[in-house]
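Coordinates as given in run-v2.cif (mmCIF, N, CA, C and O atoms):
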data_run
#
loop_
_atom_site.label_atom_id
_atom_site.label_comp_id
_atom_site.auth_asym_id
_atom_site.auth_seq_id
_atom_site.Cartn_x
_atom_site.Cartn_y
_atom_site.Cartn_z
N MET C 28 -27.44 32.44 -10.72
CA MET C 28 -28.17 31.54 -9.84
C MET C 28 -27.82 30.10 -10.23
O MET C 28 -27.87 29.74 -11.40
N THR C 29 -27.45 29.31 -9.24
CA THR C 29 -27.12 27.91 -9.49
C THR C 29 -28.39 27.12 -9.79
O THR C 29 -29.51 27.61 -9.54
N SER C 30 -28.23 25.91 -10.27
CA SER C 30 -29.41 25.09 -10.57
C SER C 30 -30.17 24.76 -9.28
O SER C 30 -31.41 24.72 -9.29
N GLN C 31 -29.47 24.56 -8.17
CA GLN C 31 -30.14 24.30 -6.89
C GLN C 31 -30.92 25.53 -6.42
O GLN C 31 -32.04 25.42 -5.95
N GLU C 32 -30.33 26.71 -6.58
CA GLU C 32 -31.03 27.94 -6.21
C GLU C 32 -32.26 28.15 -7.09
O GLU C 32 -33.31 28.55 -6.59
N ALA C 33 -32.13 27.87 -8.36
CA ALA C 33 -33.26 28.00 -9.28
C ALA C 33 -34.38 27.04 -8.90
O ALA C 33 -35.56 27.39 -8.96
N LEU C 34 -34.01 25.84 -8.48
CA LEU C 34 -34.98 24.85 -8.07
C LEU C 34 -35.72 25.31 -6.81
O LEU C 34 -36.95 25.22 -6.73
N ILE C 35 -35.00 25.82 -5.84
CA ILE C 35 -35.61 26.32 -4.60
C ILE C 35 -36.54 27.48 -4.92
O ILE C 35 -37.67 27.55 -4.41
N HIS C 36 -36.09 28.39 -5.77
CA HIS C 36 -36.92 29.53 -6.17
C HIS C 36 -38.21 29.05 -6.83
O HIS C 36 -39.31 29.51 -6.50
N GLN C 37 -38.09 28.10 -7.74
CA GLN C 37 -39.25 27.55 -8.45
C GLN C 37 -40.23 26.91 -7.47
O GLN C 37 -41.44 27.13 -7.56
N TYR C 38 -39.72 26.13 -6.54
CA TYR C 38 -40.59 25.43 -5.59
C TYR C 38 -41.15 26.37 -4.53
O TYR C 38 -42.25 26.14 -4.01
N ALA C 39 -40.45 27.45 -4.22
CA ALA C 39 -40.99 28.46 -3.31
C ALA C 39 -42.18 29.16 -3.97
O ALA C 39 -43.21 29.38 -3.32
N LEU C 40 -42.05 29.47 -5.24
CA LEU C 40 -43.17 30.05 -5.98
C LEU C 40 -44.35 29.08 -6.02
O LEU C 40 -45.51 29.48 -5.84
N ARG C 41 -44.04 27.83 -6.25
CA ARG C 41 -45.08 26.80 -6.30
C ARG C 41 -45.81 26.71 -4.96
O ARG C 41 -47.03 26.60 -4.90
N ARG C 42 -45.05 26.80 -3.87
CA ARG C 42 -45.64 26.75 -2.53
C ARG C 42 -46.58 27.94 -2.31
O ARG C 42 -47.70 27.78 -1.81
N LEU C 43 -46.14 29.13 -2.67
CA LEU C 43 -46.99 30.31 -2.52
C LEU C 43 -48.26 30.19 -3.36
O LEU C 43 -49.36 30.53 -2.89
N ALA C 44 -48.13 29.72 -4.58
CA ALA C 44 -49.29 29.55 -5.46
C ALA C 44 -50.29 28.57 -4.84
O ALA C 44 -51.51 28.81 -4.85
N GLU C 45 -49.77 27.51 -4.28
CA GLU C 45 -50.62 26.50 -3.64
C GLU C 45 -51.36 27.09 -2.44
O GLU C 45 -52.57 26.91 -2.28
N VAL C 46 -50.65 27.81 -1.60
CA VAL C 46 -51.25 28.37 -0.39
C VAL C 46 -52.30 29.42 -0.71
O VAL C 46 -53.38 29.44 -0.10
N PHE C 47 -52.03 30.28 -1.69
CA PHE C 47 -52.94 31.37 -2.02
C PHE C 47 -53.94 31.01 -3.13
O PHE C 47 -54.74 31.86 -3.54
N HIS C 48 -53.88 29.77 -3.60
CA HIS C 48 -54.83 29.29 -4.62
C HIS C 48 -54.79 30.14 -5.88
O HIS C 48 -55.83 30.59 -6.39
N VAL C 49 -53.59 30.38 -6.37
CA VAL C 49 -53.38 31.11 -7.62
C VAL C 49 -52.42 30.30 -8.49
O VAL C 49 -51.79 29.37 -8.01
N SER C 50 -52.29 30.67 -9.73
CA SER C 50 -51.35 29.97 -10.60
C SER C 50 -49.94 30.52 -10.35
O SER C 50 -49.77 31.69 -10.01
N VAL C 51 -48.95 29.68 -10.55
CA VAL C 51 -47.56 30.10 -10.41
C VAL C 51 -47.28 31.23 -11.38
O VAL C 51 -46.58 32.20 -11.04
N GLU C 52 -47.83 31.13 -12.58
CA GLU C 52 -47.59 32.14 -13.61
C GLU C 52 -48.12 33.52 -13.23
O GLU C 52 -47.63 34.53 -13.71
N SER C 53 -49.12 33.56 -12.36
CA SER C 53 -49.70 34.85 -11.96
C SER C 53 -48.88 35.56 -10.89
O SER C 53 -49.09 36.74 -10.63
N LEU C 54 -47.95 34.85 -10.26
CA LEU C 54 -47.14 35.46 -9.20
C LEU C 54 -46.04 36.34 -9.78
O LEU C 54 -45.32 35.93 -10.69
N LEU C 55 -45.92 37.52 -9.23
CA LEU C 55 -44.85 38.44 -9.58
C LEU C 55 -44.02 38.66 -8.33
O LEU C 55 -44.54 38.67 -7.22
N LEU C 56 -42.71 38.85 -8.51
CA LEU C 56 -41.82 38.96 -7.36
C LEU C 56 -42.15 40.14 -6.45
O LEU C 56 -41.91 40.08 -5.25
N ASP C 57 -42.71 41.20 -7.01
CA ASP C 57 -42.99 42.38 -6.19
C ASP C 57 -44.39 42.37 -5.56
O ASP C 57 -44.79 43.33 -4.91
N MET C 58 -45.13 41.27 -5.72
CA MET C 58 -46.45 41.16 -5.10
C MET C 58 -46.29 41.15 -3.58
O MET C 58 -45.45 40.44 -3.05
N LYS C 59 -47.14 41.93 -2.91
CA LYS C 59 -47.05 42.06 -1.46
C LYS C 59 -48.13 41.22 -0.78
O LYS C 59 -49.28 41.18 -1.23
N PHE C 60 -47.72 40.60 0.34
CA PHE C 60 -48.68 39.89 1.17
C PHE C 60 -49.60 40.92 1.81
O PHE C 60 -49.15 41.94 2.32
N GLY C 61 -50.89 40.69 1.72
CA GLY C 61 -51.86 41.61 2.29
C GLY C 61 -52.36 42.63 1.30
O GLY C 61 -53.38 43.29 1.53
N LYS C 62 -51.66 42.80 0.20
CA LYS C 62 -52.10 43.75 -0.82
C LYS C 62 -52.56 42.96 -2.05
O LYS C 62 -53.75 42.80 -2.29
N GLU C 63 -51.61 42.45 -2.83
CA GLU C 63 -51.98 41.64 -4.00
C GLU C 63 -52.31 40.20 -3.62
O GLU C 63 -53.12 39.55 -4.28
N LEU C 64 -51.67 39.72 -2.57
CA LEU C 64 -51.95 38.36 -2.08
C LEU C 64 -52.71 38.48 -0.78
O LEU C 64 -52.16 38.86 0.25
N LYS C 65 -53.98 38.16 -0.83
CA LYS C 65 -54.86 38.32 0.33
C LYS C 65 -55.18 36.97 0.96
O LYS C 65 -55.13 35.94 0.31
N ALA C 66 -55.50 37.04 2.24
CA ALA C 66 -55.86 35.83 2.99
C ALA C 66 -57.32 35.88 3.37
O ALA C 66 -57.94 36.95 3.43
N ARG C 67 -57.86 34.70 3.62
CA ARG C 67 -59.23 34.61 4.15
C ARG C 67 -59.25 35.23 5.55
O ARG C 67 -58.20 35.32 6.20
N PRO C 68 -60.40 35.59 6.04
CA PRO C 68 -60.49 36.10 7.41
C PRO C 68 -59.97 35.07 8.41
O PRO C 68 -60.10 33.86 8.20
N VAL C 69 -59.40 35.56 9.49
CA VAL C 69 -58.84 34.69 10.52
C VAL C 69 -59.98 34.04 11.29
O VAL C 69 -60.98 34.67 11.59
N SER C 70 -59.79 32.77 11.63
CA SER C 70 -60.75 32.02 12.43
C SER C 70 -60.03 31.42 13.62
O SER C 70 -58.83 31.14 13.55
N CYS C 71 -60.74 31.23 14.69
CA CYS C 71 -60.13 30.62 15.88
C CYS C 71 -59.76 29.16 15.66
O CYS C 71 -58.94 28.62 16.37
N PHE C 72 -60.37 28.55 14.66
CA PHE C 72 -60.22 27.12 14.49
C PHE C 72 -59.38 26.69 13.29
O PHE C 72 -58.96 25.55 13.22
N THR C 73 -59.15 27.59 12.36
CA THR C 73 -58.36 27.23 11.19
C THR C 73 -57.33 28.32 10.89
O THR C 73 -57.52 29.48 11.26
N GLU C 74 -56.27 27.92 10.24
CA GLU C 74 -55.25 28.87 9.83
C GLU C 74 -55.65 29.49 8.49
O GLU C 74 -56.24 28.82 7.65
N ASN C 75 -55.32 30.76 8.32
CA ASN C 75 -55.51 31.34 7.00
C ASN C 75 -54.17 31.32 6.27
O ASN C 75 -53.17 30.81 6.77
N GLU C 76 -54.15 31.87 5.08
CA GLU C 76 -52.95 31.81 4.24
C GLU C 76 -51.74 32.48 4.90
O GLU C 76 -50.61 31.98 4.80
N PHE C 77 -51.97 33.60 5.58
CA PHE C 77 -50.85 34.29 6.24
C PHE C 77 -50.27 33.46 7.38
O PHE C 77 -49.06 33.46 7.60
N ASP C 78 -51.13 32.74 8.09
CA ASP C 78 -50.65 31.85 9.15
C ASP C 78 -49.75 30.76 8.57
O ASP C 78 -48.70 30.44 9.12
N VAL C 79 -50.17 30.19 7.45
CA VAL C 79 -49.41 29.13 6.80
C VAL C 79 -48.04 29.65 6.36
O VAL C 79 -47.01 29.03 6.62
N ILE C 80 -48.02 30.83 5.73
CA ILE C 80 -46.76 31.40 5.26
C ILE C 80 -45.86 31.77 6.44
O ILE C 80 -44.66 31.54 6.41
N ASP C 81 -46.44 32.32 7.49
CA ASP C 81 -45.66 32.65 8.69
C ASP C 81 -45.04 31.38 9.29
O ASP C 81 -43.87 31.38 9.67
N ASN C 82 -45.81 30.31 9.34
CA ASN C 82 -45.26 29.04 9.83
C ASN C 82 -44.13 28.54 8.93
O ASN C 82 -43.11 28.05 9.43
N ASP C 83 -44.31 28.65 7.62
CA ASP C 83 -43.25 28.26 6.68
C ASP C 83 -41.96 29.02 7.00
O ASP C 83 -40.89 28.42 7.09
N ILE C 84 -42.09 30.32 7.13
CA ILE C 84 -40.93 31.19 7.35
C ILE C 84 -40.21 30.79 8.63
O ILE C 84 -38.98 30.68 8.66
N ARG C 85 -40.95 30.55 9.68
CA ARG C 85 -40.35 30.20 10.97
C ARG C 85 -39.83 28.75 10.99
O ARG C 85 -38.82 28.48 11.64
N ASP C 86 -40.50 27.86 10.29
CA ASP C 86 -40.08 26.45 10.29
C ASP C 86 -38.70 26.24 9.69
O ASP C 86 -37.99 25.33 10.10
N VAL C 87 -38.32 27.05 8.73
CA VAL C 87 -37.01 26.86 8.08
C VAL C 87 -35.92 27.77 8.65
O VAL C 87 -34.75 27.61 8.31
N ALA C 88 -36.31 28.71 9.50
CA ALA C 88 -35.35 29.68 10.03
C ALA C 88 -34.53 29.08 11.17
O ALA C 88 -35.02 28.27 11.95
N ASP C 89 -33.27 29.50 11.25
CA ASP C 89 -32.45 29.12 12.39
C ASP C 89 -32.57 30.21 13.46
O ASP C 89 -33.30 31.19 13.30
N LYS C 90 -31.86 30.03 14.57
CA LYS C 90 -31.96 30.98 15.68
C LYS C 90 -31.56 32.40 15.29
O LYS C 90 -32.18 33.37 15.72
N ALA C 91 -30.55 32.53 14.47
CA ALA C 91 -30.08 33.86 14.06
C ALA C 91 -31.15 34.59 13.25
O ALA C 91 -31.39 35.78 13.47
N VAL C 92 -31.79 33.89 12.34
CA VAL C 92 -32.84 34.50 11.52
C VAL C 92 -34.05 34.84 12.39
O VAL C 92 -34.63 35.92 12.25
N LEU C 93 -34.41 33.96 13.30
CA LEU C 93 -35.54 34.24 14.20
C LEU C 93 -35.26 35.47 15.06
O LEU C 93 -36.15 36.28 15.30
N LYS C 94 -34.01 35.62 15.47
CA LYS C 94 -33.62 36.79 16.27
C LYS C 94 -33.75 38.07 15.43
O LYS C 94 -34.24 39.08 15.91
N GLU C 95 -33.30 38.01 14.17
CA GLU C 95 -33.45 39.16 13.27
C GLU C 95 -34.92 39.54 13.13
O GLU C 95 -35.27 40.72 13.15
N MET C 96 -35.77 38.54 12.98
CA MET C 96 -37.20 38.79 12.84
C MET C 96 -37.77 39.42 14.11
O MET C 96 -38.55 40.37 14.05
N ALA C 97 -37.37 38.91 15.26
CA ALA C 97 -37.86 39.42 16.54
C ALA C 97 -37.47 40.87 16.77
O ALA C 97 -38.20 41.63 17.41
N HIS C 98 -36.32 41.26 16.23
CA HIS C 98 -35.84 42.63 16.39
C HIS C 98 -36.24 43.55 15.23
O HIS C 98 -35.78 44.69 15.14
N GLY C 99 -37.06 43.05 14.32
CA GLY C 99 -37.53 43.86 13.20
C GLY C 99 -36.49 44.11 12.14
O GLY C 99 -36.65 44.99 11.29
N LEU C 100 -35.41 43.34 12.15
CA LEU C 100 -34.34 43.50 11.16
C LEU C 100 -34.64 42.74 9.87
O LEU C 100 -34.02 43.00 8.85
N LEU C 101 -35.57 41.81 9.95
CA LEU C 101 -35.94 41.02 8.77
C LEU C 101 -37.46 40.99 8.69
O LEU C 101 -38.13 40.55 9.62
N GLU C 102 -37.97 41.50 7.59
CA GLU C 102 -39.40 41.45 7.32
C GLU C 102 -39.60 40.83 5.95
O GLU C 102 -38.91 41.19 5.00
N ILE C 103 -40.53 39.93 5.87
CA ILE C 103 -40.82 39.27 4.60
C ILE C 103 -42.20 39.74 4.16
O ILE C 103 -43.21 39.36 4.73
N ARG C 104 -42.19 40.62 3.17
CA ARG C 104 -43.42 41.30 2.73
C ARG C 104 -43.84 40.94 1.32
O ARG C 104 -44.98 41.17 0.95
N THR C 105 -42.91 40.42 0.53
CA THR C 105 -43.21 40.17 -0.89
C THR C 105 -42.89 38.73 -1.27
O THR C 105 -42.22 38.00 -0.53
N VAL C 106 -43.34 38.38 -2.44
CA VAL C 106 -43.02 37.06 -3.00
C VAL C 106 -41.50 36.91 -3.09
O VAL C 106 -40.95 35.86 -2.72
N GLU C 107 -40.81 37.93 -3.55
CA GLU C 107 -39.35 37.87 -3.65
C GLU C 107 -38.70 37.68 -2.29
O GLU C 107 -37.76 36.89 -2.16
N ASP C 108 -39.19 38.37 -1.26
CA ASP C 108 -38.65 38.21 0.09
C ASP C 108 -38.79 36.76 0.55
O ASP C 108 -37.86 36.20 1.15
N TYR C 109 -39.94 36.15 0.28
CA TYR C 109 -40.18 34.76 0.67
C TYR C 109 -39.19 33.83 -0.05
O TYR C 109 -38.58 32.97 0.58
N CYS C 110 -39.01 34.03 -1.34
CA CYS C 110 -38.08 33.19 -2.11
C CYS C 110 -36.65 33.36 -1.60
O CYS C 110 -35.93 32.37 -1.43
N LYS C 111 -36.24 34.59 -1.34
CA LYS C 111 -34.89 34.85 -0.83
C LYS C 111 -34.71 34.23 0.55
O LYS C 111 -33.63 33.72 0.87
N HIS C 112 -35.75 34.27 1.36
CA HIS C 112 -35.69 33.66 2.69
C HIS C 112 -35.45 32.15 2.56
O HIS C 112 -34.62 31.59 3.29
N MET C 113 -36.16 31.51 1.65
CA MET C 113 -35.99 30.07 1.46
C MET C 113 -34.56 29.76 0.98
O MET C 113 -33.94 28.80 1.44
N LEU C 114 -34.04 30.58 0.10
CA LEU C 114 -32.67 30.39 -0.38
C LEU C 114 -31.67 30.57 0.76
O LEU C 114 -30.74 29.77 0.91
N ARG C 115 -31.85 31.60 1.54
CA ARG C 115 -30.94 31.86 2.66
C ARG C 115 -30.99 30.73 3.68
O ARG C 115 -29.95 30.25 4.14
N CYS C 116 -32.17 30.29 4.03
CA CYS C 116 -32.31 29.24 5.03
C CYS C 116 -31.82 27.89 4.52
O CYS C 116 -31.38 27.06 5.31
N ASN C 117 -31.85 27.70 3.22
CA ASN C 117 -31.35 26.46 2.65
C ASN C 117 -29.86 26.27 2.94
O ASN C 117 -29.39 25.15 3.07
N ALA C 118 -29.12 27.36 3.07
CA ALA C 118 -27.69 27.28 3.37
C ALA C 118 -27.44 26.70 4.75
O ALA C 118 -26.40 26.08 4.99
N VAL C 119 -28.40 26.90 5.67
CA VAL C 119 -28.21 26.46 7.06
C VAL C 119 -29.06 25.23 7.39
O VAL C 119 -28.63 24.35 8.11
N LYS C 120 -30.26 25.17 6.85
CA LYS C 120 -31.19 24.08 7.16
C LYS C 120 -31.77 23.48 5.88
O LYS C 120 -32.97 23.53 5.64
N PRO C 121 -30.91 22.89 5.05
CA PRO C 121 -31.39 22.38 3.75
C PRO C 121 -32.44 21.28 3.86
O PRO C 121 -33.33 21.19 3.02
N VAL C 122 -32.35 20.46 4.89
CA VAL C 122 -33.33 19.38 5.04
C VAL C 122 -34.72 19.95 5.32
O VAL C 122 -35.72 19.49 4.75
N ASP C 123 -34.77 20.97 6.15
CA ASP C 123 -36.06 21.59 6.47
C ASP C 123 -36.66 22.31 5.26
O ASP C 123 -37.87 22.23 5.02
N VAL C 124 -35.83 22.99 4.50
CA VAL C 124 -36.31 23.68 3.29
C VAL C 124 -36.79 22.65 2.27
O VAL C 124 -37.87 22.82 1.69
N ALA C 125 -36.04 21.60 2.09
CA ALA C 125 -36.43 20.55 1.13
C ALA C 125 -37.75 19.91 1.53
O ALA C 125 -38.62 19.67 0.68
N ARG C 126 -37.93 19.65 2.81
CA ARG C 126 -39.16 19.05 3.30
C ARG C 126 -40.34 20.00 3.09
O ARG C 126 -41.38 19.62 2.56
N LEU C 127 -40.18 21.25 3.49
CA LEU C 127 -41.26 22.22 3.39
C LEU C 127 -41.68 22.45 1.94
O LEU C 127 -42.87 22.45 1.61
N LEU C 128 -40.71 22.66 1.06
CA LEU C 128 -41.02 22.95 -0.34
C LEU C 128 -41.26 21.70 -1.17
O LEU C 128 -41.62 21.79 -2.34
N GLN C 129 -41.07 20.54 -0.55
CA GLN C 129 -41.24 19.25 -1.23
C GLN C 129 -40.35 19.16 -2.47
O GLN C 129 -40.80 18.81 -3.56
N LEU C 130 -39.08 19.52 -2.26
CA LEU C 130 -38.12 19.44 -3.35
C LEU C 130 -37.93 17.99 -3.77
O LEU C 130 -37.98 17.09 -2.92
N PRO C 131 -37.69 17.76 -5.05
CA PRO C 131 -37.44 16.37 -5.49
C PRO C 131 -36.13 15.88 -4.86
O PRO C 131 -35.19 16.63 -4.66
N LYS C 132 -36.12 14.61 -4.54
CA LYS C 132 -34.92 14.02 -3.94
C LYS C 132 -33.84 13.84 -5.00
O LYS C 132 -34.13 13.49 -6.13
N ASN C 133 -32.60 14.11 -4.60
CA ASN C 133 -31.47 13.87 -5.52
C ASN C 133 -31.28 12.38 -5.67
O ASN C 133 -31.32 11.63 -4.72
N GLU C 134 -31.03 11.97 -6.88
CA GLU C 134 -30.88 10.52 -7.12
C GLU C 134 -29.50 10.20 -7.58
O GLU C 134 -28.71 10.93 -7.92
#

Write the structure described by the file as structure tokens, please.
Amino acid sequence: MTSQEALIHQYALRRLAEVFHVSVESLLLDMKFGKELKARPVSCFTENEFDVIDNDIRDVADKAVLKEMAHGLLEIRTVEDYCKHMLRCNAVKPVDVARLLQLPKNE
């Protein structure tokens, strides 16, 4: 893993920890959304944690990835899937991934 990939992975974990209100250290790559990582009940007026993560996933995806998702070829179910998605999307939309994960700016 390159240093840039390690940075994206670290910040993706940080993002998940922030959204689910857990410590980064408590996250394991095989944790599943809906099982180990639970969301508050859905409300008509506010987003829950799953809504936020779904928006993250779609915000950084390009048309090809969105098409895969629409056809059920890509499912993001675990912490590891989310991190890999961010790494994959960084190859095509690095500005969007950097903005979403709040990566430090290169100096």

Quick one: residues within 8 Å of Asp57 in chain C, only N, CA, C and O atoms, excluding same-chain residues fewer than 5 positions away - as a PDB file with N, CA, C and O atoms, in the coordinates of the input?
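Done, and the output landed in part03.pdb:
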ATOM      1  N   GLU C  63     -51.610  42.450  -2.830  1.00  0.00           N
ATOM      2  CA  GLU C  63     -51.980  41.640  -4.000  1.00  0.00           C
ATOM      3  C   GLU C  63     -52.310  40.200  -3.620  1.00  0.00           C
ATOM      4  O   GLU C  63     -53.120  39.550  -4.280  1.00  0.00           O
ATOM      5  N   ARG C 104     -42.190  40.620   3.170  1.00  0.00           N
ATOM      6  CA  ARG C 104     -43.420  41.300   2.730  1.00  0.00           C
ATOM      7  C   ARG C 104     -43.840  40.940   1.320  1.00  0.00           C
ATOM      8  O   ARG C 104     -44.980  41.170   0.950  1.00  0.00           O
ATOM      9  N   THR C 105     -42.910  40.420   0.530  1.00  0.00           N
ATOM     10  CA  THR C 105     -43.210  40.170  -0.890  1.00  0.00           C
ATOM     11  C   THR C 105     -42.890  38.730  -1.270  1.00  0.00           C
ATOM     12  O   THR C 105     -42.220  38.000  -0.530  1.00  0.00           O
ATOM     13  N   VAL C 106     -43.340  38.380  -2.440  1.00  0.00           N
ATOM     14  CA  VAL C 106     -43.020  37.060  -3.000  1.00  0.00           C
ATOM     15  C   VAL C 106     -41.500  36.910  -3.090  1.00  0.00           C
ATOM     16  O   VAL C 106     -40.950  35.860  -2.720  1.00  0.00           O
ATOM     17  N   GLU C 107     -40.810  37.930  -3.550  1.00  0.00           N
ATOM     18  CA  GLU C 107     -39.350  37.870  -3.650  1.00  0.00           C
ATOM     19  C   GLU C 107     -38.700  37.680  -2.290  1.00  0.00           C
ATOM     20  O   GLU C 107     -37.760  36.890  -2.160  1.00  0.00           O
ATOM     21  N   ASP C 108     -39.190  38.370  -1.260  1.00  0.00           N
ATOM     22  CA  ASP C 108     -38.650  38.210   0.090  1.00  0.00           C
ATOM     23  C   ASP C 108     -38.790  36.760   0.550  1.00  0.00           C
ATOM     24  O   ASP C 108     -37.860  36.200   1.150  1.00  0.00           O
TER      25      ASP C 108
END

Work out how far atom O of Asp86 in chain C is from atom C of Cys116 in chain C, in Å to one decimal.
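Going from atom C of Cys116 in chain C over to atom O of Asp86 in chain C covers 8.7 Å.
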
As a PyMOL selection string, please: all residues of chain C that backbone DSSP puts in alpha helix (DSSP H).
chain C and resi 30-47+76-87+90-97+106-119+121-128

Quick one: residues within 8 Å of Arg115 in chain C, only N, CA, C and O atoms, excluding same-chain residues fewer than 5 positions away - as a PyMOL selection string?
chain C and resi 87-89+108-110+120-121

For Asn117 in chain C, which residue out of C:Val69, C:Leu40, C:Leu130, C:Leu93 is the nearest one, using only C-alpha atoms?
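Among C:Val69, C:Leu40, C:Leu130, C:Leu93, it is C:Leu130 that comes nearest to Asn117 in chain C.
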
Rank C:Leu101, C:Val79, C:Leu114, C:Val46 by their smallest atom-to-atom distance to Lys65 in chain C, using all atoms listed in the file, and report the top residue only.
C:Val46

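Considering the residues C:Leu64, C:Met28, C:Ile35, C:Val49 and counting only N, CA, C and O atoms, Lys111 in chain C has its shortest atom-to-atom contact with C:Ile35.
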
Please extract the residues of chain C with a backbone DSSP assignment of strand (DSSP E or B) and present them as a PyMOL selection string.
chain C and resi 59-60+64+105

Rounded to one decimal in Å, what is the spacing between atom N of Thr29 in chain C and atom N of Asp81 in chain C?
25.5 Å

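Pairwise distance (atom O of Glu76 in chain C, atom N of Gln31 in chain C) equals 25.9 Å.
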
What's the 6 Å shell around Leu128 in chain C, counting all atoms listed in the file, without same-chain residues fewer than 5 positions away, as a list in words?
Tyr38, Ala39 and Asp123 of chain C

Take the residues from that selection and write them out as a PDB file, in the coordinates of the input, keeping N, CA, C and O atoms.
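That gives us selection_32.pdb:
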ATOM      1  N   TYR C  38     -39.720  26.130  -6.540  1.00  0.00           N
ATOM      2  CA  TYR C  38     -40.590  25.430  -5.590  1.00  0.00           C
ATOM      3  C   TYR C  38     -41.150  26.370  -4.530  1.00  0.00           C
ATOM      4  O   TYR C  38     -42.250  26.140  -4.010  1.00  0.00           O
ATOM      5  N   ALA C  39     -40.450  27.450  -4.220  1.00  0.00           N
ATOM      6  CA  ALA C  39     -40.990  28.460  -3.310  1.00  0.00           C
ATOM      7  C   ALA C  39     -42.180  29.160  -3.970  1.00  0.00           C
ATOM      8  O   ALA C  39     -43.210  29.380  -3.320  1.00  0.00           O
ATOM      9  N   ASP C 123     -34.770  20.970   6.150  1.00  0.00           N
ATOM     10  CA  ASP C 123     -36.060  21.590   6.470  1.00  0.00           C
ATOM     11  C   ASP C 123     -36.660  22.310   5.260  1.00  0.00           C
ATOM     12  O   ASP C 123     -37.870  22.230   5.020  1.00  0.00           O
TER      13      ASP C 123
END
